[in-house]
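Have a look at structure.cif below; it lists mmCIF, C-alpha atoms.
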data_work
#
loop_
_atom_site.label_atom_id
_atom_site.label_comp_id
_atom_site.auth_asym_id
_atom_site.auth_seq_id
_atom_site.Cartn_x
_atom_site.Cartn_y
_atom_site.Cartn_z
CA MET U 1 -12.29 -39.65 -95.90
CA THR U 2 -8.88 -38.84 -94.51
CA THR U 3 -8.44 -37.56 -90.94
CA THR U 4 -5.52 -35.25 -90.38
CA TYR U 5 -3.91 -34.98 -86.95
CA THR U 6 -1.98 -31.87 -86.05
CA LYS U 7 0.90 -32.40 -83.63
CA ARG U 8 1.01 -29.87 -80.85
CA PRO U 9 4.36 -28.21 -80.29
CA THR U 10 6.08 -29.41 -77.13
CA SER U 11 5.98 -26.68 -74.50
CA LYS U 12 9.30 -25.60 -73.15
CA LEU U 13 10.06 -23.71 -69.94
CA SER U 14 11.39 -20.28 -70.53
CA ARG U 15 14.83 -19.47 -69.28
CA CYS U 16 13.29 -17.16 -66.66
CA ALA U 17 11.02 -19.92 -65.29
CA SER U 18 13.90 -22.40 -65.18
CA PHE U 19 16.04 -19.92 -63.31
CA ARG U 20 13.27 -19.38 -60.75
CA ILE U 21 12.92 -23.12 -60.14
CA ILE U 22 16.67 -23.54 -59.66
CA LEU U 23 16.82 -20.53 -57.33
CA ALA U 24 13.89 -21.81 -55.25
CA SER U 25 15.57 -25.22 -54.94
CA ILE U 26 18.83 -23.65 -53.74
CA ILE U 27 16.99 -21.54 -51.14
CA PHE U 28 15.09 -24.62 -49.90
CA ILE U 29 18.30 -26.64 -49.53
CA LEU U 30 20.13 -23.84 -47.70
CA THR U 31 17.17 -23.30 -45.35
CA SER U 32 16.97 -27.02 -44.56
CA VAL U 33 20.70 -27.16 -43.79
CA ASN U 34 20.36 -24.14 -41.50
CA ILE U 35 17.42 -25.62 -39.58
CA PHE U 36 18.71 -29.15 -39.12
CA PHE U 37 22.49 -28.80 -39.04
CA ALA U 38 23.32 -25.22 -37.95
CA PRO U 39 23.62 -26.02 -34.20
CA LYS U 40 26.20 -28.71 -34.99
CA LEU U 41 28.05 -26.83 -37.71
CA LEU U 42 28.22 -23.42 -36.11
CA GLY U 43 28.53 -24.31 -32.42
CA PRO U 44 28.00 -21.60 -29.78
CA ALA U 45 26.89 -18.22 -31.04
CA GLU U 46 29.41 -15.49 -31.68
CA TYR U 47 28.61 -11.86 -30.99
CA PRO U 48 30.17 -8.69 -32.38
CA SER U 49 32.61 -7.06 -29.98
CA ASN U 50 30.73 -3.77 -29.96
CA PHE U 51 27.51 -5.57 -28.88
CA LEU U 52 29.02 -6.83 -25.63
CA HIS U 53 31.83 -4.39 -25.17
CA ASP U 54 30.86 -2.99 -21.82
CA PHE U 55 28.52 -3.93 -18.99
CA LYS U 56 28.04 -1.46 -16.14
CA GLY U 57 31.45 0.04 -16.89
CA ARG U 58 33.27 -3.30 -16.56
CA SER U 59 35.08 -5.29 -19.21
CA LEU U 60 33.55 -8.59 -20.25
CA ILE U 61 35.43 -11.86 -20.44
CA TYR U 62 33.85 -14.63 -22.53
CA SER U 63 34.60 -18.18 -23.49
CA TYR U 64 32.51 -19.86 -26.17
CA ASN U 65 33.19 -23.50 -25.36
CA ASP U 66 29.98 -24.03 -23.35
CA ASN U 67 31.80 -23.38 -20.09
CA THR U 68 31.74 -19.98 -18.46
CA ILE U 69 31.17 -16.34 -19.10
CA GLY U 70 32.69 -13.89 -16.65
CA ILE U 71 32.53 -10.22 -15.83
CA SER U 72 35.76 -8.61 -14.75
CA GLY U 73 35.43 -7.42 -11.20
CA SER U 74 32.44 -9.61 -10.34
CA ARG U 75 31.62 -13.27 -9.74
CA ASN U 76 31.83 -15.69 -12.64
CA HIS U 77 28.66 -16.35 -14.59
CA THR U 78 27.89 -19.89 -15.77
CA PHE U 79 25.63 -20.72 -18.68
CA PHE U 80 22.75 -23.00 -17.74
CA TYR U 81 20.87 -24.98 -20.38
CA ALA U 82 18.67 -27.45 -18.44
CA ASP U 83 16.99 -29.78 -20.96
CA ALA U 84 17.14 -27.27 -23.80
CA THR U 85 18.55 -28.47 -27.12
CA ASN U 86 19.28 -27.06 -30.58
CA SER U 87 17.62 -23.69 -31.21
CA SER U 88 16.16 -23.40 -27.69
CA ARG U 89 19.63 -24.02 -26.23
CA LEU U 90 21.06 -21.28 -28.43
CA LEU U 91 18.24 -18.93 -27.39
CA LEU U 92 18.95 -19.58 -23.70
CA GLN U 93 22.64 -18.87 -24.25
CA ILE U 94 21.81 -15.51 -25.82
CA ALA U 95 19.24 -14.72 -23.13
CA GLN U 96 21.82 -15.35 -20.41
CA THR U 97 24.40 -13.06 -22.00
CA PRO U 98 24.91 -9.85 -19.96
CA ARG U 99 24.35 -6.71 -21.97
CA PRO U 100 24.06 -2.98 -21.27
CA ILE U 101 20.87 -1.43 -19.92
CA PRO U 102 20.73 2.06 -21.48
CA ASP U 103 17.90 3.42 -19.32
CA ASP U 104 19.76 3.65 -15.99
CA VAL U 105 20.32 7.41 -16.01
CA ILE U 106 17.33 9.75 -15.75
CA ASN U 107 17.46 12.47 -18.39
CA ILE U 108 14.99 15.22 -17.44
CA THR U 109 14.51 16.43 -21.02
CA MET U 110 13.87 12.90 -22.29
CA GLU U 111 11.41 12.20 -19.47
CA GLN U 112 9.48 15.38 -20.28
CA GLN U 113 9.26 14.36 -23.95
CA ARG U 114 8.02 10.89 -22.99
CA CYS U 115 5.27 12.33 -20.82
CA ARG U 116 4.18 14.82 -23.48
CA ARG U 117 3.78 12.02 -26.03
CA HIS U 118 1.13 10.48 -23.78
CA GLY U 119 -0.51 13.75 -22.72
CA LEU U 120 0.99 13.63 -19.22
CA GLN U 121 2.95 16.09 -17.13
CA TYR U 122 6.38 15.16 -15.85
CA GLY U 123 6.49 15.22 -12.04
CA ASN U 124 10.27 15.74 -11.73
CA ARG U 125 10.94 12.24 -10.41
CA THR U 126 14.59 11.51 -9.68
CA THR U 127 14.19 7.73 -9.20
CA ARG U 128 12.63 5.01 -11.29
CA ARG U 129 9.44 3.33 -10.17
CA ARG U 130 10.13 -0.33 -9.50
CA ILE U 131 8.39 -2.88 -11.72
CA PHE U 132 7.22 -6.19 -10.28
CA TRP U 133 6.31 -8.96 -12.72
CA GLY U 134 4.78 -12.39 -12.23
CA SER U 135 3.59 -15.41 -14.16
CA LEU U 136 2.50 -19.01 -13.67
CA LEU U 137 5.04 -21.63 -14.68
CA ALA U 138 4.63 -25.25 -15.68
CA ASP U 139 5.79 -27.11 -18.78
CA ASP U 140 6.50 -23.96 -20.80
CA SER U 141 9.05 -24.36 -23.55
CA TRP U 142 12.46 -22.72 -23.19
CA HIS U 143 11.65 -20.81 -26.38
CA ALA U 144 8.82 -19.02 -24.56
CA ILE U 145 10.80 -18.39 -21.36
CA GLY U 146 13.91 -17.27 -23.22
CA SER U 147 11.92 -14.96 -25.51
CA VAL U 148 10.29 -13.21 -22.54
CA ALA U 149 13.69 -12.83 -20.90
CA LEU U 150 15.16 -11.29 -24.04
CA GLU U 151 12.28 -8.84 -24.51
CA THR U 152 12.21 -7.67 -20.89
CA TYR U 153 15.92 -7.78 -20.02
CA GLY U 154 16.72 -5.34 -17.24
CA ILE U 155 13.16 -3.97 -16.95
CA PHE U 156 11.88 -5.83 -13.87
CA ASP U 157 13.15 -5.34 -10.35
CA VAL U 158 11.43 -8.53 -9.16
CA ALA U 159 10.09 -11.43 -11.24
CA VAL U 160 7.95 -14.07 -9.54
CA PHE U 161 7.01 -17.46 -10.97
CA VAL U 162 4.45 -19.78 -9.35
CA GLU U 163 4.41 -23.50 -10.12
CA SER U 164 1.86 -26.04 -8.93
CA ASN U 165 1.99 -29.80 -8.53
CA LEU U 166 -1.54 -30.02 -9.94
CA THR U 167 -3.02 -28.95 -13.25
CA GLN U 168 -6.11 -26.75 -13.41
CA SER U 169 -8.11 -30.00 -13.74
CA LEU U 170 -6.46 -31.43 -10.59
CA TYR U 171 -4.23 -33.93 -12.41
CA HIS U 172 -0.91 -34.51 -10.69
CA ARG U 173 2.26 -33.18 -12.33
CA ASP U 174 5.87 -33.29 -11.19
CA ILE U 175 7.43 -30.05 -10.05
CA ARG U 176 9.87 -29.04 -12.77
CA PHE U 177 11.54 -25.98 -11.24
CA PHE U 178 12.31 -27.41 -7.79
CA PRO U 179 15.14 -25.74 -5.80
CA GLY U 180 18.55 -26.98 -6.86
CA SER U 181 17.43 -28.26 -10.27
CA GLU U 182 19.12 -26.90 -13.35
CA ALA U 183 15.77 -25.57 -14.61
CA TRP U 184 15.48 -23.61 -11.35
CA ASP U 185 19.06 -22.37 -11.73
CA VAL U 186 18.32 -21.15 -15.25
CA VAL U 187 15.49 -18.85 -14.23
CA THR U 188 16.81 -17.74 -10.81
CA LYS U 189 20.61 -17.63 -11.11
CA SER U 190 21.57 -17.12 -14.74
CA GLY U 191 20.76 -13.41 -14.92
CA MET U 192 18.66 -13.95 -18.03
CA PHE U 193 16.06 -11.41 -16.86
CA GLY U 194 18.68 -8.78 -16.06
CA PRO U 195 21.76 -8.26 -13.90
CA THR U 196 19.80 -6.81 -10.96
CA THR U 197 16.44 -8.57 -11.41
CA LYS U 198 15.56 -10.80 -8.47
CA VAL U 199 13.82 -13.94 -9.76
CA ILE U 200 11.74 -16.06 -7.39
CA VAL U 201 9.98 -19.39 -7.94
CA ASP U 202 7.20 -20.17 -5.46
CA TYR U 203 4.94 -23.22 -5.27
CA TYR U 204 1.20 -23.74 -4.94
CA TYR U 205 0.28 -27.09 -3.37
CA LYS U 206 -3.32 -26.56 -2.23
CA LYS U 207 -5.49 -29.52 -3.22
CA ASP U 208 -9.11 -28.40 -3.08
CA PRO U 209 -11.57 -30.43 -5.21
CA ASN U 210 -13.84 -27.40 -5.40
CA LEU U 211 -11.02 -25.18 -6.67
CA ARG U 212 -10.36 -25.91 -10.32
CA GLY U 213 -10.10 -24.22 -13.68
CA LEU U 214 -9.88 -20.45 -13.65
CA GLU U 215 -10.63 -20.28 -9.91
CA ARG U 216 -7.53 -22.31 -9.20
CA GLU U 217 -5.54 -20.15 -11.62
CA HIS U 218 -6.69 -16.98 -9.84
CA ALA U 219 -5.64 -18.48 -6.49
CA GLN U 220 -2.17 -19.19 -7.87
CA ARG U 221 -1.89 -15.66 -9.26
CA ALA U 222 -2.84 -14.29 -5.84
CA LEU U 223 0.32 -15.93 -4.52
CA ILE U 224 2.30 -13.78 -6.96
CA ILE U 225 0.89 -10.63 -5.35
CA ASP U 226 1.74 -11.97 -1.88
CA ARG U 227 5.35 -12.46 -2.96
CA TRP U 228 5.46 -8.94 -4.42
CA LYS U 229 4.43 -7.60 -1.02
CA GLN U 230 7.07 -9.73 0.71
CA GLU U 231 9.68 -8.22 -1.60
CA GLY U 232 8.74 -4.71 -0.49
CA MET U 233 6.30 -3.57 -3.16
CA THR U 234 4.65 -0.24 -2.34
CA LYS U 235 1.76 1.74 -3.81
CA ASP U 236 4.31 3.75 -5.82
CA ASP U 237 5.57 0.64 -7.62
CA ILE U 238 4.17 -1.08 -10.73
CA GLY U 239 2.73 -4.58 -10.90
CA TYR U 240 2.91 -6.14 -14.36
#

Represent the structure from my file as structure tokens, please.
Amino acid sequence: MTTTYTKRPTSKLSRCASFRIILASIIFILTSVNIFFAPKLLGPAEYPSNFLHDFKGRSLIYSYNDNTIGISGSRNHTFFYADATNSSRLLLQIAQTPRPIPDDVINITMEQQRCRRHGLQYGNRTTRRRIFWGSLLADDSWHAIGSVALETYGIFDVAVFVESNLTQSLYHRDIRFFPGSEAWDVVTKSGMFGPTTKVIVDYYYKKDPNLRGLEREHAQRALIIDRWKQEGMTKDDIGY
């Protein structure tokens, strides 16, 4: 009895499948280069001239060699980076770049439309309500801080941070944003939250063994409200 074996035809990738594999490989390589080498290859970020053309009616003067950025007619503005590197350093540079705030002028018609969208009646206000903001601060990444600054640029009148030398479990930690440190300069002097936003860093040092966890967190947040009051917050203002 003779056994016959049939040889299977060797499968071949179609041209379309081969093209997809090659394309995917190219995209992967380009993405890897961008992630790992872009900060070194590209250097400081460049911005289109129309993006930073005018700031409060004054011409902007920039230098992109990690030194200074100035506003004609006002004091020079220095970029601060603290311990930020690579993408977080680039984010901080962008966050500290002055840019226009388009909501300065009150347009009655626009305000009426805004109120109608939310079922409210416009009360003919001629001034903006001030917005006070606050948050606890510890070992947050510069990505988080820079992202908040970018999203809220020019919105807050006063921003208050509170840092403690103890964790919520009463473990000691070194103060990171102490006065005079570059980290402190970044959040208080760089203008990253807006050209007129006053940024304050306060400190909570109370060591109470019975005050831990969320109770300790609430006590620290209460200090934020105290600083709002010290900065002149009234019942007509907004706490955020």

Taking a cut-off of 12 Å and counting only C-alpha atoms, can you build a table that, for each residue of range 145-225 of chain U near range 96-117 of chain U, reports the nearest atom pair and how far apart they are in Å (one decimal), sorted by chain then residue number, as CSV?
residue,atom,partner,partner_atom,distance
U:Ile145,CA,U:Gln96,CA,11.5
U:Gly146,CA,U:Gln96,CA,8.6
U:Ser147,CA,U:Gln96,CA,11.1
U:Val148,CA,U:Gln96,CA,11.9
U:Ala149,CA,U:Gln96,CA,8.5
U:Leu150,CA,U:Gln96,CA,8.6
U:Thr152,CA,U:Ile101,CA,10.7
U:Tyr153,CA,U:Ile101,CA,8.1
U:Gly154,CA,U:Ile101,CA,6.3
U:Ile155,CA,U:Ile101,CA,8.6
U:Phe156,CA,U:Ile101,CA,11.7
U:Asp185,CA,U:Gln96,CA,11.5
U:Val186,CA,U:Gln96,CA,8.5
U:Val187,CA,U:Gln96,CA,9.5
U:Thr188,CA,U:Gln96,CA,11.1
U:Lys189,CA,U:Gln96,CA,9.7
U:Ser190,CA,U:Gln96,CA,5.9
U:Gly191,CA,U:Gln96,CA,5.9
U:Met192,CA,U:Gln96,CA,4.2
U:Phe193,CA,U:Gln96,CA,7.8
U:Gly194,CA,U:Pro98,CA,7.4
U:Pro195,CA,U:Pro98,CA,7.0
U:Thr196,CA,U:Ile101,CA,10.5
U:Thr197,CA,U:Ile101,CA,12.0

Next item on the list: Return as a ChimeraX atom specification the set of residues that the PyMOL selection byres ((chain U and resi 174) around 6) yields on the displayed structure.
Entry: /U:165,173,175

Next item on the list: Would you mind listing what lies within 9 Å of range 136-138 of chain U as a list in words, with all atoms listed in the file counted and same-chain residues fewer than 3 positions away left out?
Entry: Val160, Phe161, Val162, Glu163, Ser164, Asn165, Thr167, Arg173, Ile175, Arg176, Phe177, Val201, Glu217, Gln220, Arg221 and Ile224 of chain U

Next item on the list: Kindly resolve the PyMOL selection byres ((chain U and resi 143) around 12) on the present coordinates and return the residues as an MDAnalysis selection string.
Entry: chainID U and resid 81 83:95 139:142 144:150

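Picture a line from CA of Phe79 in chain U to CA of Ala159 in chain U; it runs 19.6 Å.
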
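Interatomic distance, CA of Asn210 in chain U to CA of Leu170 in chain U: 9.9 Å.
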
Would you translate the PyMOL selection byres ((chain U and resi 209) around 12) into the concrete set of residues it matches in this file, as a PDB file with C-alpha atoms, in the coordinates of the input?
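In the end it all went to out05.pdb:
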ATOM      1  CA  LEU U 166      -1.540 -30.020  -9.940  1.00  0.00           C
ATOM      2  CA  THR U 167      -3.020 -28.950 -13.250  1.00  0.00           C
ATOM      3  CA  GLN U 168      -6.110 -26.750 -13.410  1.00  0.00           C
ATOM      4  CA  SER U 169      -8.110 -30.000 -13.740  1.00  0.00           C
ATOM      5  CA  LEU U 170      -6.460 -31.430 -10.590  1.00  0.00           C
ATOM      6  CA  TYR U 171      -4.230 -33.930 -12.410  1.00  0.00           C
ATOM      7  CA  LYS U 206      -3.320 -26.560  -2.230  1.00  0.00           C
ATOM      8  CA  LYS U 207      -5.490 -29.520  -3.220  1.00  0.00           C
ATOM      9  CA  ASP U 208      -9.110 -28.400  -3.080  1.00  0.00           C
ATOM     10  CA  ASN U 210     -13.840 -27.400  -5.400  1.00  0.00           C
ATOM     11  CA  LEU U 211     -11.020 -25.180  -6.670  1.00  0.00           C
ATOM     12  CA  ARG U 212     -10.360 -25.910 -10.320  1.00  0.00           C
ATOM     13  CA  GLY U 213     -10.100 -24.220 -13.680  1.00  0.00           C
ATOM     14  CA  GLU U 215     -10.630 -20.280  -9.910  1.00  0.00           C
ATOM     15  CA  ARG U 216      -7.530 -22.310  -9.200  1.00  0.00           C
TER      16      ARG U 216
END

Next item on the list: Go through U:Phe80, U:Tyr204, U:Phe178, U:Trp228 one by one, measure the shortest atom-to-atom distance of each to Tyr240 in chain U using all atoms listed in the file, and give the residue with the smallest value.
Entry: U:Trp228

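Coordinates place CA of Trp184 in chain U at a distance of 26.5 Å from CA of Asp237 in chain U.
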
Next item on the list: Identify which of the residues U:Leu223, U:Asp236, U:Ala183, U:Arg20 lies closest to Thr127 in chain U, counting only C-alpha atoms when measuring atom-to-atom distances.
Entry: U:Asp236

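If all atoms listed in the file are the atoms counted, then among U:Lys198, U:Arg130, U:His218, U:His172 the closest residue to Met233 in chain U is U:Arg130.
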